[in-house]
>>> print(open('query_1.txt').read())   # compact mmCIF, C-alpha atoms
# COMPACT_ATOMS: atom_id res chain seq x y z
CA MET A 1406 -22.58 4.64 44.98
CA ASN A 1407 -21.13 5.64 48.35
CA ASN A 1408 -19.60 3.19 50.80
CA ARG A 1409 -22.83 2.74 52.74
CA GLN A 1410 -24.73 1.82 49.59
CA LEU A 1411 -21.95 -0.53 48.50
CA PHE A 1412 -21.99 -2.09 51.97
CA LEU A 1413 -25.71 -2.79 51.74
CA GLN A 1414 -25.40 -4.10 48.18
CA HIS A 1415 -22.31 -6.30 48.34
CA VAL A 1416 -21.62 -7.23 51.99
CA ALA A 1417 -23.87 -10.06 53.22
CA GLN A 1418 -26.23 -8.71 55.87
CA THR A 1419 -27.26 -10.39 59.11
CA SER A 1420 -30.30 -8.20 59.77
CA ASP A 1421 -32.57 -5.91 57.78
CA ALA A 1422 -31.47 -2.90 59.85
CA PRO A 1423 -27.68 -2.84 60.40
CA LEU A 1424 -26.19 0.17 62.17
CA ALA A 1425 -24.27 0.97 58.96
CA ILE A 1426 -22.01 3.51 60.68
CA GLU A 1427 -18.92 4.01 58.53
CA ILE A 1428 -15.98 3.95 60.95
CA VAL A 1429 -12.73 5.30 59.52
CA LYS A 1430 -10.48 5.00 62.58
CA ALA A 1431 -10.45 3.89 66.19
CA SER A 1432 -8.09 4.48 69.08
CA GLY A 1433 -8.34 3.67 72.76
CA MET A 1434 -11.94 4.13 73.89
CA TYR A 1435 -13.13 5.93 70.78
CA MET A 1436 -14.23 5.27 67.22
CA GLU A 1437 -14.65 7.95 64.56
CA ASP A 1438 -16.97 7.85 61.56
CA ALA A 1439 -16.57 9.30 58.08
CA SER A 1440 -18.14 12.61 59.15
CA GLY A 1441 -15.67 13.04 62.03
CA LYS A 1442 -18.19 12.13 64.75
CA GLN A 1443 -16.67 10.29 67.73
CA TYR A 1444 -18.28 7.40 69.58
CA LEU A 1445 -17.38 6.34 73.13
CA ASP A 1446 -17.29 2.57 72.83
CA LEU A 1447 -19.21 0.70 75.55
CA ILE A 1448 -19.16 -2.70 73.83
CA ALA A 1449 -15.52 -3.17 72.73
CA GLY A 1450 -16.47 -5.11 69.63
CA ILE A 1451 -18.47 -7.40 71.99
CA SER A 1452 -15.77 -7.97 74.61
CA VAL A 1453 -12.93 -8.03 72.06
CA CYS A 1454 -10.90 -4.86 72.60
CA ASN A 1455 -10.05 -5.27 76.28
CA VAL A 1456 -6.97 -3.04 76.00
CA GLY A 1457 -8.72 -0.56 73.72
CA HIS A 1458 -8.61 -0.03 69.99
CA CYS A 1459 -5.25 -0.05 68.22
CA HIS A 1460 -3.09 -0.18 71.33
CA PRO A 1461 0.43 0.88 70.25
CA ALA A 1462 2.03 -2.29 71.62
CA VAL A 1463 -0.43 -4.46 69.69
CA VAL A 1464 0.00 -2.49 66.47
CA LYS A 1465 3.79 -2.73 66.79
CA ALA A 1466 3.63 -6.51 67.31
CA ILE A 1467 1.43 -6.89 64.23
CA GLN A 1468 3.75 -4.80 62.07
CA GLU A 1469 6.89 -6.59 63.20
CA GLN A 1470 5.45 -10.08 62.73
CA ALA A 1471 3.94 -9.22 59.33
CA ALA A 1472 7.38 -8.11 58.20
CA SER A 1473 8.89 -11.46 59.27
CA TYR A 1474 6.33 -13.98 58.01
CA MET A 1475 2.60 -14.53 57.81
CA HIS A 1476 0.89 -17.76 56.77
CA LEU A 1477 3.29 -20.65 56.17
CA LEU A 1478 1.48 -23.99 56.37
CA VAL A 1479 -1.54 -25.57 58.03
CA TYR A 1480 -1.65 -25.40 61.81
CA GLY A 1481 0.61 -27.71 63.77
CA GLU A 1482 3.27 -28.59 61.17
CA PHE A 1483 5.85 -25.81 61.50
CA VAL A 1484 7.29 -24.40 64.72
CA GLN A 1485 6.07 -20.81 64.59
CA SER A 1486 7.51 -18.66 67.36
CA PRO A 1487 4.41 -16.41 67.89
CA GLN A 1488 2.23 -19.50 68.48
CA VAL A 1489 4.78 -21.08 70.80
CA ALA A 1490 5.35 -17.88 72.77
CA TYR A 1491 1.64 -17.19 73.25
CA ALA A 1492 0.81 -20.80 74.15
CA LYS A 1493 3.59 -20.81 76.75
CA PHE A 1494 2.46 -17.44 78.15
CA LEU A 1495 -1.13 -18.66 78.47
CA ALA A 1496 -0.01 -21.89 80.14
CA ASP A 1497 2.12 -19.91 82.58
CA HIS A 1498 -1.01 -18.01 83.67
CA LEU A 1499 -3.32 -21.01 83.92
CA PRO A 1500 -3.54 -23.97 86.31
CA SER A 1501 -1.16 -26.82 85.50
CA ALA A 1502 -4.02 -28.97 84.16
CA LEU A 1503 -4.49 -26.45 81.34
CA ASP A 1504 -1.10 -26.55 79.70
CA CYS A 1505 -1.81 -27.40 76.04
CA VAL A 1506 -3.31 -24.82 73.66
CA TYR A 1507 -5.02 -25.43 70.32
CA PHE A 1508 -5.39 -22.09 68.55
CA THR A 1509 -8.38 -21.50 66.26
CA ASN A 1510 -9.71 -18.60 64.21
CA SER A 1511 -12.62 -17.82 66.52
CA GLY A 1512 -14.59 -18.75 69.60
CA SER A 1513 -17.09 -20.76 67.55
CA GLU A 1514 -14.26 -22.86 66.16
CA ALA A 1515 -12.89 -23.35 69.67
CA THR A 1516 -16.30 -24.77 70.63
CA GLU A 1517 -16.27 -27.11 67.64
CA GLY A 1518 -12.79 -28.37 68.46
CA ALA A 1519 -13.67 -28.93 72.11
CA MET A 1520 -16.75 -30.98 71.20
CA LYS A 1521 -14.64 -33.22 68.97
CA LEU A 1522 -11.99 -33.51 71.67
CA ALA A 1523 -14.57 -34.59 74.27
CA LYS A 1524 -16.09 -37.25 72.00
CA ARG A 1525 -12.69 -38.56 70.96
CA HIS A 1526 -11.22 -38.62 74.47
CA THR A 1527 -14.21 -40.20 76.24
CA GLY A 1528 -15.58 -42.37 73.45
CA ARG A 1529 -19.03 -41.02 74.35
CA THR A 1530 -21.58 -39.03 72.35
CA GLU A 1531 -23.91 -37.19 74.73
CA ILE A 1532 -23.28 -33.48 75.22
CA ILE A 1533 -25.02 -31.41 77.89
CA ALA A 1534 -25.44 -27.67 77.43
CA PHE A 1535 -27.67 -25.13 79.14
CA LYS A 1536 -30.68 -23.01 78.33
CA ASN A 1537 -29.91 -19.41 77.35
CA SER A 1538 -26.33 -20.36 76.53
CA TYR A 1539 -24.36 -19.02 73.57
CA HIS A 1540 -21.30 -20.80 72.21
CA GLY A 1541 -21.17 -19.61 68.59
CA SER A 1542 -23.23 -19.94 65.43
CA THR A 1543 -21.64 -22.69 63.35
CA GLN A 1544 -23.89 -25.74 63.11
CA GLY A 1545 -22.17 -27.63 65.91
CA SER A 1546 -22.06 -24.70 68.29
CA LEU A 1547 -25.59 -23.78 67.24
CA SER A 1548 -26.68 -27.23 68.38
CA LEU A 1549 -25.52 -26.22 71.86
CA MET A 1550 -27.23 -22.83 71.81
CA GLY A 1551 -29.81 -22.69 74.55
CA ASP A 1552 -32.63 -20.95 72.72
CA GLU A 1553 -35.00 -22.60 70.25
CA TYR A 1554 -35.74 -19.34 68.37
CA TRP A 1555 -32.15 -19.22 67.11
CA ARG A 1556 -31.84 -22.98 66.52
CA ASN A 1557 -35.13 -23.86 64.87
CA ALA A 1558 -34.51 -22.64 61.32
CA TYR A 1559 -31.41 -24.80 60.93
CA ARG A 1560 -32.63 -28.21 62.04
CA PRO A 1561 -31.67 -31.03 61.91
CA LEU A 1562 -28.74 -30.24 64.18
CA LEU A 1563 -26.38 -32.48 66.16
CA PRO A 1564 -28.13 -35.38 67.90
CA ASP A 1565 -27.63 -36.41 71.53
CA VAL A 1566 -27.50 -32.86 72.91
CA GLN A 1567 -29.45 -32.02 76.07
CA HIS A 1568 -30.28 -28.49 77.20
CA LEU A 1569 -30.68 -28.24 80.96
CA GLN A 1570 -31.45 -25.41 83.37
CA TYR A 1571 -28.40 -23.32 84.23
CA ASN A 1572 -27.67 -23.01 87.96
CA SER A 1573 -30.05 -25.88 88.75
CA PHE A 1574 -28.88 -28.61 91.12
CA ASP A 1575 -31.53 -30.95 89.65
CA ALA A 1576 -29.85 -30.64 86.26
CA ILE A 1577 -26.56 -31.97 87.63
CA ALA A 1578 -28.20 -35.35 88.35
CA GLN A 1579 -28.68 -35.87 84.61
CA ILE A 1580 -24.92 -36.08 83.99
CA THR A 1581 -24.05 -39.78 83.63
CA THR A 1582 -21.29 -42.10 82.45
CA ARG A 1583 -22.56 -41.71 78.89
CA THR A 1584 -22.03 -37.94 78.94
CA ALA A 1585 -18.95 -36.91 76.92
CA CYS A 1586 -18.92 -33.34 78.16
CA VAL A 1587 -20.83 -30.61 79.87
CA ILE A 1588 -20.31 -27.21 78.30
CA ALA A 1589 -21.24 -24.09 80.23
CA GLU A 1590 -20.48 -20.40 80.16
CA THR A 1591 -18.73 -19.49 83.39
CA VAL A 1592 -20.99 -16.43 83.31
CA GLN A 1593 -23.95 -16.44 80.94
CA ALA A 1594 -23.39 -13.31 78.90
CA GLU A 1595 -26.14 -13.28 76.27
CA ALA A 1596 -28.70 -14.18 78.93
CA GLY A 1597 -28.08 -10.73 80.39
CA VAL A 1598 -25.08 -11.39 82.68
CA ARG A 1599 -26.22 -14.32 84.80
CA GLN A 1600 -23.73 -15.67 87.33
CA PRO A 1601 -24.32 -19.11 88.86
CA GLN A 1602 -23.92 -19.96 92.53
CA ARG A 1603 -20.41 -20.90 93.59
CA GLU A 1604 -21.80 -24.10 95.16
CA TRP A 1605 -23.49 -25.05 91.88
CA MET A 1606 -20.28 -24.70 89.90
CA GLN A 1607 -18.44 -26.78 92.45
CA ALA A 1608 -21.14 -29.46 92.38
CA LEU A 1609 -20.99 -29.45 88.58
CA ARG A 1610 -17.22 -29.95 88.71
CA LYS A 1611 -17.61 -32.80 91.24
CA LYS A 1612 -20.25 -34.62 89.17
CA CYS A 1613 -18.17 -34.39 86.00
CA THR A 1614 -15.16 -35.83 87.84
CA GLU A 1615 -17.24 -38.70 89.25
CA THR A 1616 -18.68 -39.66 85.85
CA GLY A 1617 -15.52 -39.16 83.79
CA THR A 1618 -17.21 -36.32 81.92
CA LEU A 1619 -15.14 -33.44 80.58
CA LEU A 1620 -16.18 -30.08 82.01
CA ILE A 1621 -15.81 -27.43 79.30
CA LEU A 1622 -16.06 -23.82 80.46
CA ASP A 1623 -16.71 -21.18 77.84
CA GLU A 1624 -14.90 -17.95 78.72
CA ILE A 1625 -14.96 -16.57 75.21
CA GLN A 1626 -16.69 -13.41 76.43
CA CYS A 1627 -15.74 -13.32 80.10
CA GLY A 1628 -12.11 -14.45 80.03
CA LEU A 1629 -9.01 -12.25 80.14
CA GLY A 1630 -10.03 -9.96 82.96
CA ARG A 1631 -13.56 -8.96 81.95
CA ASN A 1632 -15.09 -10.19 85.23
CA GLY A 1633 -12.42 -8.90 87.60
CA THR A 1634 -10.06 -11.89 87.60
CA LEU A 1635 -7.91 -13.10 84.74
CA TRP A 1636 -10.15 -16.15 84.37
CA ALA A 1637 -13.72 -16.14 85.65
CA PHE A 1638 -13.50 -19.76 86.83
CA GLU A 1639 -11.01 -18.63 89.51
CA GLN A 1640 -13.94 -17.04 91.35
CA PHE A 1641 -15.58 -20.46 91.81
CA GLY A 1642 -12.57 -22.38 93.10
CA ILE A 1643 -12.64 -24.93 90.27
CA VAL A 1644 -10.61 -25.82 87.18
CA PRO A 1645 -12.27 -27.03 83.97
CA ASP A 1646 -10.98 -29.90 81.84
CA VAL A 1647 -11.21 -27.68 78.77
CA LEU A 1648 -11.25 -23.89 78.59
CA LEU A 1649 -12.66 -22.00 75.60
CA LEU A 1650 -11.27 -18.58 74.71
CA GLY A 1651 -11.84 -16.10 71.91
CA LYS A 1652 -12.79 -12.45 71.45
CA ALA A 1653 -10.19 -10.57 73.58
CA LEU A 1654 -7.66 -13.37 73.05
CA GLY A 1655 -6.43 -11.74 69.83
CA ALA A 1656 -6.48 -8.13 71.11
CA GLY A 1657 -8.52 -7.12 68.07
CA MET A 1658 -7.29 -9.81 65.68
CA PRO A 1659 -9.27 -13.01 64.95
CA LEU A 1660 -8.14 -15.68 67.40
CA GLY A 1661 -9.72 -18.37 69.54
CA ALA A 1662 -8.45 -21.37 71.48
CA PHE A 1663 -9.47 -24.49 73.33
CA ILE A 1664 -7.07 -25.38 76.11
CA SER A 1665 -6.73 -28.64 78.00
CA SER A 1666 -4.07 -30.93 79.43
CA HIS A 1667 -1.41 -32.37 77.16
CA ASP A 1668 -2.74 -35.87 77.87
CA ILE A 1669 -6.32 -35.06 76.86
CA MET A 1670 -5.27 -33.06 73.81
CA TRP A 1671 -3.10 -35.96 72.61
CA SER A 1672 -6.38 -37.75 71.74
CA LEU A 1673 -6.54 -35.71 68.53
CA THR A 1674 -3.25 -37.12 67.20
CA ASN A 1675 -4.41 -40.68 66.48
CA ASN A 1676 -7.36 -42.80 65.36
CA PRO A 1677 -7.63 -40.76 63.20
CA VAL A 1678 -4.40 -38.86 62.73
CA LEU A 1679 -5.06 -35.13 62.22
CA GLY A 1680 -8.10 -35.39 64.46
CA HIS A 1681 -8.66 -31.66 64.20
CA ILE A 1682 -7.04 -29.43 61.60
CA THR A 1683 -7.22 -25.81 60.48
CA THR A 1684 -5.48 -23.76 57.83
CA PHE A 1685 -5.36 -20.34 59.48
CA GLY A 1686 -5.92 -21.13 63.17
CA GLY A 1687 -3.18 -19.61 65.30
CA HIS A 1688 -2.07 -17.27 62.53
CA PRO A 1689 1.36 -15.90 63.52
CA VAL A 1690 0.31 -12.25 63.18
CA ASN A 1691 -2.79 -12.86 65.31
CA CYS A 1692 -0.80 -14.71 67.98
CA ALA A 1693 1.77 -11.89 68.09
CA ALA A 1694 -1.05 -9.39 68.55
CA GLY A 1695 -2.76 -11.47 71.23
CA LEU A 1696 0.44 -11.93 73.22
CA ALA A 1697 1.16 -8.21 73.09
CA GLY A 1698 -2.39 -7.45 74.23
CA MET A 1699 -2.26 -9.90 77.13
CA LYS A 1700 1.05 -8.47 78.29
CA VAL A 1701 -0.48 -4.97 78.28
CA LEU A 1702 -3.45 -6.30 80.26
CA LEU A 1703 -1.18 -7.70 82.96
CA GLU A 1704 1.64 -5.14 83.00
CA ALA A 1705 -0.73 -2.17 83.14
CA ASP A 1706 -2.60 -3.93 85.98
CA LEU A 1707 -5.94 -3.27 84.28
CA ILE A 1708 -7.71 -6.20 85.94
CA SER A 1709 -7.29 -4.88 89.50
CA LYS A 1710 -9.43 -1.86 88.58
CA VAL A 1711 -12.23 -3.74 86.83
CA ASN A 1712 -14.51 -4.34 89.83
CA ALA A 1713 -14.34 -0.72 91.02
CA LYS A 1714 -15.20 0.49 87.53
CA GLY A 1715 -18.14 -1.89 87.35
CA GLU A 1716 -19.37 -0.65 90.72
CA LEU A 1717 -19.14 2.94 89.48
CA PHE A 1718 -21.48 2.08 86.60
CA VAL A 1719 -23.92 0.48 89.05
CA LYS A 1720 -23.75 3.48 91.39
CA HIS A 1721 -24.72 5.93 88.65
CA LEU A 1722 -27.27 3.84 86.74
CA LYS A 1723 -30.28 4.55 88.94
CA HIS A 1724 -33.57 5.59 87.38
CA PRO A 1725 -37.21 4.46 87.72
CA ALA A 1726 -37.09 3.08 84.17
CA ILE A 1727 -34.15 0.82 85.07
CA LYS A 1728 -35.53 -2.41 86.53
CA ALA A 1729 -32.16 -3.92 87.44
CA VAL A 1730 -28.45 -3.66 86.80
CA ARG A 1731 -26.54 -6.94 86.82
CA SER A 1732 -22.80 -6.58 86.99
CA LEU A 1733 -19.79 -8.83 87.18
CA GLY A 1734 -16.76 -6.61 86.74
CA LEU A 1735 -17.03 -4.75 83.45
CA MET A 1736 -19.79 -6.94 82.08
CA LEU A 1737 -23.12 -5.28 82.82
CA ALA A 1738 -26.75 -5.68 81.80
CA VAL A 1739 -29.06 -2.70 82.32
CA GLU A 1740 -32.60 -4.02 82.32
CA PHE A 1741 -35.58 -1.99 81.05
CA GLU A 1742 -39.26 -2.88 80.74
CA ASN A 1743 -39.01 -4.34 77.24
CA PHE A 1744 -36.98 -4.40 74.05
CA ALA A 1745 -38.88 -1.50 72.49
CA PHE A 1746 -37.86 0.84 75.32
CA ASN A 1747 -34.32 -0.52 75.36
CA LYS A 1748 -33.93 -0.01 71.62
CA LYS A 1749 -35.00 3.62 71.95
CA VAL A 1750 -32.37 4.14 74.65
CA ILE A 1751 -29.69 2.44 72.54
CA ASP A 1752 -30.50 4.54 69.48
CA TYR A 1753 -30.51 7.71 71.57
CA CYS A 1754 -27.11 6.84 73.04
CA ILE A 1755 -25.62 6.17 69.62
CA ASP A 1756 -27.00 9.47 68.36
CA LYS A 1757 -25.25 11.15 71.31
CA GLY A 1758 -21.99 9.37 70.57
CA VAL A 1759 -22.15 6.48 73.07
CA LEU A 1760 -22.12 3.06 71.42
CA THR A 1761 -24.00 0.21 73.08
CA ASP A 1762 -26.41 -2.57 72.11
CA TRP A 1763 -28.56 -5.43 73.49
CA PHE A 1764 -28.25 -9.13 74.38
CA LEU A 1765 -29.43 -12.06 72.25
CA PHE A 1766 -31.45 -13.78 75.00
CA ALA A 1767 -32.21 -10.64 76.99
CA PRO A 1768 -33.26 -8.02 74.43
CA GLU A 1769 -34.74 -5.86 77.19
CA CYS A 1770 -31.23 -5.34 78.56
CA LEU A 1771 -28.67 -2.79 77.42
CA ARG A 1772 -25.14 -4.19 77.08
CA ILE A 1773 -22.12 -2.55 78.74
CA VAL A 1774 -18.81 -4.33 78.11
CA PRO A 1775 -16.32 -1.51 77.43
CA PRO A 1776 -12.57 -1.73 76.96
CA LEU A 1777 -11.02 -2.23 80.39
CA ILE A 1778 -9.11 1.03 79.96
CA ILE A 1779 -12.27 3.12 80.38
CA THR A 1780 -11.77 6.00 82.84
CA ASP A 1781 -14.03 7.02 85.72
CA GLU A 1782 -14.87 10.23 83.88
CA GLU A 1783 -15.93 8.27 80.79
CA ILE A 1784 -18.04 5.96 82.93
CA VAL A 1785 -19.91 8.87 84.52
CA ARG A 1786 -20.35 10.60 81.16
CA SER A 1787 -21.76 7.49 79.50
CA CYS A 1788 -24.08 6.84 82.45
CA ASN A 1789 -25.40 10.39 82.17
CA VAL A 1790 -26.28 9.79 78.52
CA ILE A 1791 -28.08 6.53 79.36
CA LEU A 1792 -30.01 8.27 82.16
CA GLU A 1793 -30.85 11.16 79.87
CA ALA A 1794 -32.25 8.67 77.35
CA ALA A 1795 -34.23 6.81 80.03
CA GLU A 1796 -35.73 10.07 81.23
CA HIS A 1797 -36.51 11.21 77.69
CA PHE A 1798 -38.57 8.10 76.88
CA SER A 1799 -40.22 7.63 80.28
>>> encode(input="query_1.txt", output="structure tokens")
Amino acid sequence: MNNRQLFLQHVAQTSDAPLAIEIVKASGMYMEDASGKQYLDLIAGISVCNVGHCHPAVVKAIQEQAASYMHLLVYGEFVQSPQVAYAKFLADHLPSALDCVYFTNSGSEATEGAMKLAKRHTGRTEIIAFKNSYHGSTQGSLSLMGDEYWRNAYRPLLPDVQHLQYNSFDAIAQITTRTACVIAETVQAEAGVRQPQREWMQALRKKCTETGTLLILDEIQCGLGRNGTLWAFEQFGIVPDVLLLGKALGAGMPLGAFISSHDIMWSLTNNPVLGHITTFGGHPVNCAAGLAGMKVLLEADLISKVNAKGELFVKHLKHPAIKAVRSLGLMLAVEFENFAFNKKVIDYCIDKGVLTDWFLFAPECLRIVPPLIITDEEIVRSCNVILEAAEHFS
């Protein structure tokens, strides 16, 4: 049996039609399959590889840390310099109210930890989330997911969770003194790149402050420069009580985090002790990789170019078959008539060596979230392939 057959036989599948492309190496903007075919990557592992695949600085950091030590003991017991260095670096680039980092293995686990933190800190049980939101697929984070199609098969889920309308001022009135936390994506990614009004985000922050409710902002997809600022919440003039990170946080290695103030995070140390624990969260090799990747992001000044690159995509993606293009930095949704048409375009692009896909709650939209290192020439070339596909199937 070849690798593809072994993949289908022995690796648990999540759909009945996986892409099943056998990638043998990746570098920068490109992946290469077993036949030698190259793919220009427009999805960056779903917003993971912000500085590109296998950046030399990241690879070097991984190699050096792996040669020193890897796993030692469960999270939080030993002083591990990669964790300390990355936590300090993150705190230095965040508002002072976000100075304490709990590293996890993934964004889903960051969501789980933040939910526990909110309940423990406030002594309350109600959680408010929003329709068309995505916060992970573990059972707790699934309880927050704002789409019944994805939730229904796994009920019963967590009780006392409300799903309200995103960007609705009426929804804010439902936050009360029994609400432990409100969790929202700063930009709704899987809904097809939906940005709320600045005034709504500020009203949400104000209501949470008035009711003693923790405001948790999920920047697992949009954090670390994706939307044109280091943190998307900067664009709304607010600061959350808890920030969720993942995906690009590890620069290609598995890493997530929930970040809050030292005072709030201290709630997890008592009644009970070890209020949240993990074996591999904040793995030293992953933290070393993430720190190296974030330094590249900042030192290469990649974020300052993000908005112009997003605008270049928008400028070139004009065709009668394209109903809309929603863009916030280098997170774009290209909307077609329906999923069937979109899927044809996606498959055509992949066949032509341009990798893209669709959104969970907006399957009619083509996803563009490339590494932030993408060049203008690569943007124009990928747009031409998308337009060629749109024309072909019109």
>>> residues_around(input="query_1.txt", residues="region 1427-1442 of chain A", least_positions_apart="4", cutoff="10 Å", atoms="all atoms listed in the file", output="PDB file with C-alpha atoms, in the frame of the given file")
ATOM      1  CA  ASN A1408     -19.600   3.190  50.800  1.00  0.00           C
ATOM      2  CA  ARG A1409     -22.830   2.740  52.740  1.00  0.00           C
ATOM      3  CA  PHE A1412     -21.990  -2.090  51.970  1.00  0.00           C
ATOM      4  CA  ASP A1446     -17.290   2.570  72.830  1.00  0.00           C
ATOM      5  CA  LEU A1447     -19.210   0.700  75.550  1.00  0.00           C
ATOM      6  CA  ILE A1448     -19.160  -2.700  73.830  1.00  0.00           C
ATOM      7  CA  ALA A1449     -15.520  -3.170  72.730  1.00  0.00           C
ATOM      8  CA  CYS A1454     -10.900  -4.860  72.600  1.00  0.00           C
ATOM      9  CA  ASN A1455     -10.050  -5.270  76.280  1.00  0.00           C
ATOM     10  CA  VAL A1456      -6.970  -3.040  76.000  1.00  0.00           C
ATOM     11  CA  GLY A1457      -8.720  -0.560  73.720  1.00  0.00           C
ATOM     12  CA  HIS A1458      -8.610  -0.030  69.990  1.00  0.00           C
ATOM     13  CA  CYS A1459      -5.250  -0.050  68.220  1.00  0.00           C
ATOM     14  CA  HIS A1460      -3.090  -0.180  71.330  1.00  0.00           C
ATOM     15  CA  PRO A1461       0.430   0.880  70.250  1.00  0.00           C
ATOM     16  CA  ASP A1756     -27.000   9.470  68.360  1.00  0.00           C
ATOM     17  CA  LYS A1757     -25.250  11.150  71.310  1.00  0.00           C
ATOM     18  CA  GLY A1758     -21.990   9.370  70.570  1.00  0.00           C
ATOM     19  CA  VAL A1759     -22.150   6.480  73.070  1.00  0.00           C
ATOM     20  CA  LEU A1760     -22.120   3.060  71.420  1.00  0.00           C
ATOM     21  CA  PRO A1775     -16.320  -1.510  77.430  1.00  0.00           C
ATOM     22  CA  PRO A1776     -12.570  -1.730  76.960  1.00  0.00           C
ATOM     23  CA  LEU A1777     -11.020  -2.230  80.390  1.00  0.00           C
ATOM     24  CA  ILE A1778      -9.110   1.030  79.960  1.00  0.00           C
ATOM     25  CA  ILE A1779     -12.270   3.120  80.380  1.00  0.00           C
ATOM     26  CA  THR A1780     -11.770   6.000  82.840  1.00  0.00           C
ATOM     27  CA  GLU A1783     -15.930   8.270  80.790  1.00  0.00           C
TER      28      GLU A1783
END
>>> closest_residue(input="query_1.txt", among="A:Ser1452, A:Val1506, A:Ala1422, A:Lys1749", to="Lys1493 (chain A)", atoms="all atoms listed in the file")
A:Val1506
>>> atom_distance(input="query_1.txt", atom1="CA of Leu1673 (chain A)", atom2="CA of Ser1546 (chain A)")
19.0 Å
>>> atom_distance(input="query_1.txt", atom1="CA of Lys1714 (chain A)", atom2="CA of Phe1798 (chain A)")
26.8 Å
>>> residues_around(input="query_1.txt", residues="Leu1563 (chain A)", least_positions_apart="6", cutoff="12 Å", atoms="only C-alpha atoms", output="ChimeraX atom specification")
/A:1517,1520,1530-1533,1543-1550,1556
>>> closest_residue(input="query_1.txt", among="A:Glu1782, A:Pro1659, A:Thr1684, A:Cys1627", to="Leu1735 (chain A)", atoms="all atoms listed in the file")
A:Cys1627
>>> axis_aligned_box(input="query_1.txt", around="region 1710-1720 of chain A", padding_each_side="5 Å", output="JSON")
{"center_x": -16.7, "center_y": -0.4, "center_z": 89.0, "size_x": 24.5, "size_y": 17.8, "size_z": 14.8}
>>> residues_around(input="query_1.txt", residues="region 1725-1732 of chain A", least_positions_apart="4", cutoff="8 Å", atoms="all atoms listed in the file", output="VMD selection string")
chain A and resid 1597 to 1599 1715 to 1716 1719 1736 to 1742 1795 to 1796 1799
>>> residues_around(input="query_1.txt", residues="Ala1693 (chain A)", least_positions_apart="6", cutoff="10 Å", atoms="only C-alpha atoms", output="PyMOL selection string")
chain A and resi 1463-1471+1486-1488+1490-1491+1655-1656+1658+1687
>>> write_last_selection(input="query_1.txt", atoms="C-alpha atoms", output="mmCIF file, keeping the file's coordinate frame")
data_model
loop_
_atom_site.group_PDB
_atom_site.id
_atom_site.type_symbol
_atom_site.label_atom_id
_atom_site.label_comp_id
_atom_site.auth_asym_id
_atom_site.auth_seq_id
_atom_site.Cartn_x
_atom_site.Cartn_y
_atom_site.Cartn_z
ATOM 1 C CA VAL A 1463 -0.430 -4.460 69.690
ATOM 2 C CA VAL A 1464 0.000 -2.490 66.470
ATOM 3 C CA LYS A 1465 3.790 -2.730 66.790
ATOM 4 C CA ALA A 1466 3.630 -6.510 67.310
ATOM 5 C CA ILE A 1467 1.430 -6.890 64.230
ATOM 6 C CA GLN A 1468 3.750 -4.800 62.070
ATOM 7 C CA GLU A 1469 6.890 -6.590 63.200
ATOM 8 C CA GLN A 1470 5.450 -10.080 62.730
ATOM 9 C CA ALA A 1471 3.940 -9.220 59.330
ATOM 10 C CA SER A 1486 7.510 -18.660 67.360
ATOM 11 C CA PRO A 1487 4.410 -16.410 67.890
ATOM 12 C CA GLN A 1488 2.230 -19.500 68.480
ATOM 13 C CA ALA A 1490 5.350 -17.880 72.770
ATOM 14 C CA TYR A 1491 1.640 -17.190 73.250
ATOM 15 C CA GLY A 1655 -6.430 -11.740 69.830
ATOM 16 C CA ALA A 1656 -6.480 -8.130 71.110
ATOM 17 C CA MET A 1658 -7.290 -9.810 65.680
ATOM 18 C CA GLY A 1687 -3.180 -19.610 65.300
#
>>> atom_distance(input="query_1.txt", atom1="CA of Cys1788 (chain A)", atom2="CA of Ile1451 (chain A)")
18.5 Å
>>> closest_atom_pairs(input="query_1.txt", of="region 1478-1513 of chain A", to="region 1703-1711 of chain A", cutoff="12 Å", atoms="only C-alpha atoms", output="CSV")
residue,atom,partner,partner_atom,distance
A:Phe1494,CA,A:Leu1703,CA,11.5
A:Leu1495,CA,A:Leu1703,CA,11.8
A:His1498,CA,A:Leu1703,CA,10.3
>>> residues_around(input="query_1.txt", residues="Asp1575 (chain A)", least_positions_apart="3", cutoff="12 Å", atoms="all atoms listed in the file", output="PyMOL selection string")
chain A and resi 1569-1572+1578-1580+1605+1608-1609+1612
>>> closest_residue(input="query_1.txt", among="A:Glu1595, A:Glu1624, A:Glu1793, A:Glu1615", to="Ile1751 (chain A)", atoms="all atoms listed in the file")
A:Glu1793
>>> closest_residue(input="query_1.txt", among="A:Val1678, A:Ala1417, A:Leu1722, A:Ala1713", to="Gly1734 (chain A)", atoms="all atoms listed in the file")
A:Ala1713
>>> closest_residue(input="query_1.txt", among="A:Cys1613, A:Val1566, A:Leu1765, A:Ala1653", to="Gln1593 (chain A)", atoms="all atoms listed in the file")
A:Leu1765
>>> closest_residue(input="query_1.txt", among="A:Phe1766, A:Phe1641, A:Phe1535, A:Phe1663", to="Thr1516 (chain A)", atoms="only C-alpha atoms")
A:Phe1663
>>> residues_near_point(input="query_1.txt", point="(-15.2, -24.5, 78.3)", cutoff="10 Å", atoms="only C-alpha atoms", output="PyMOL selection string")
chain A and resi 1515-1516+1519-1520+1540+1586-1591+1619-1625+1638+1645-1650+1663-1665
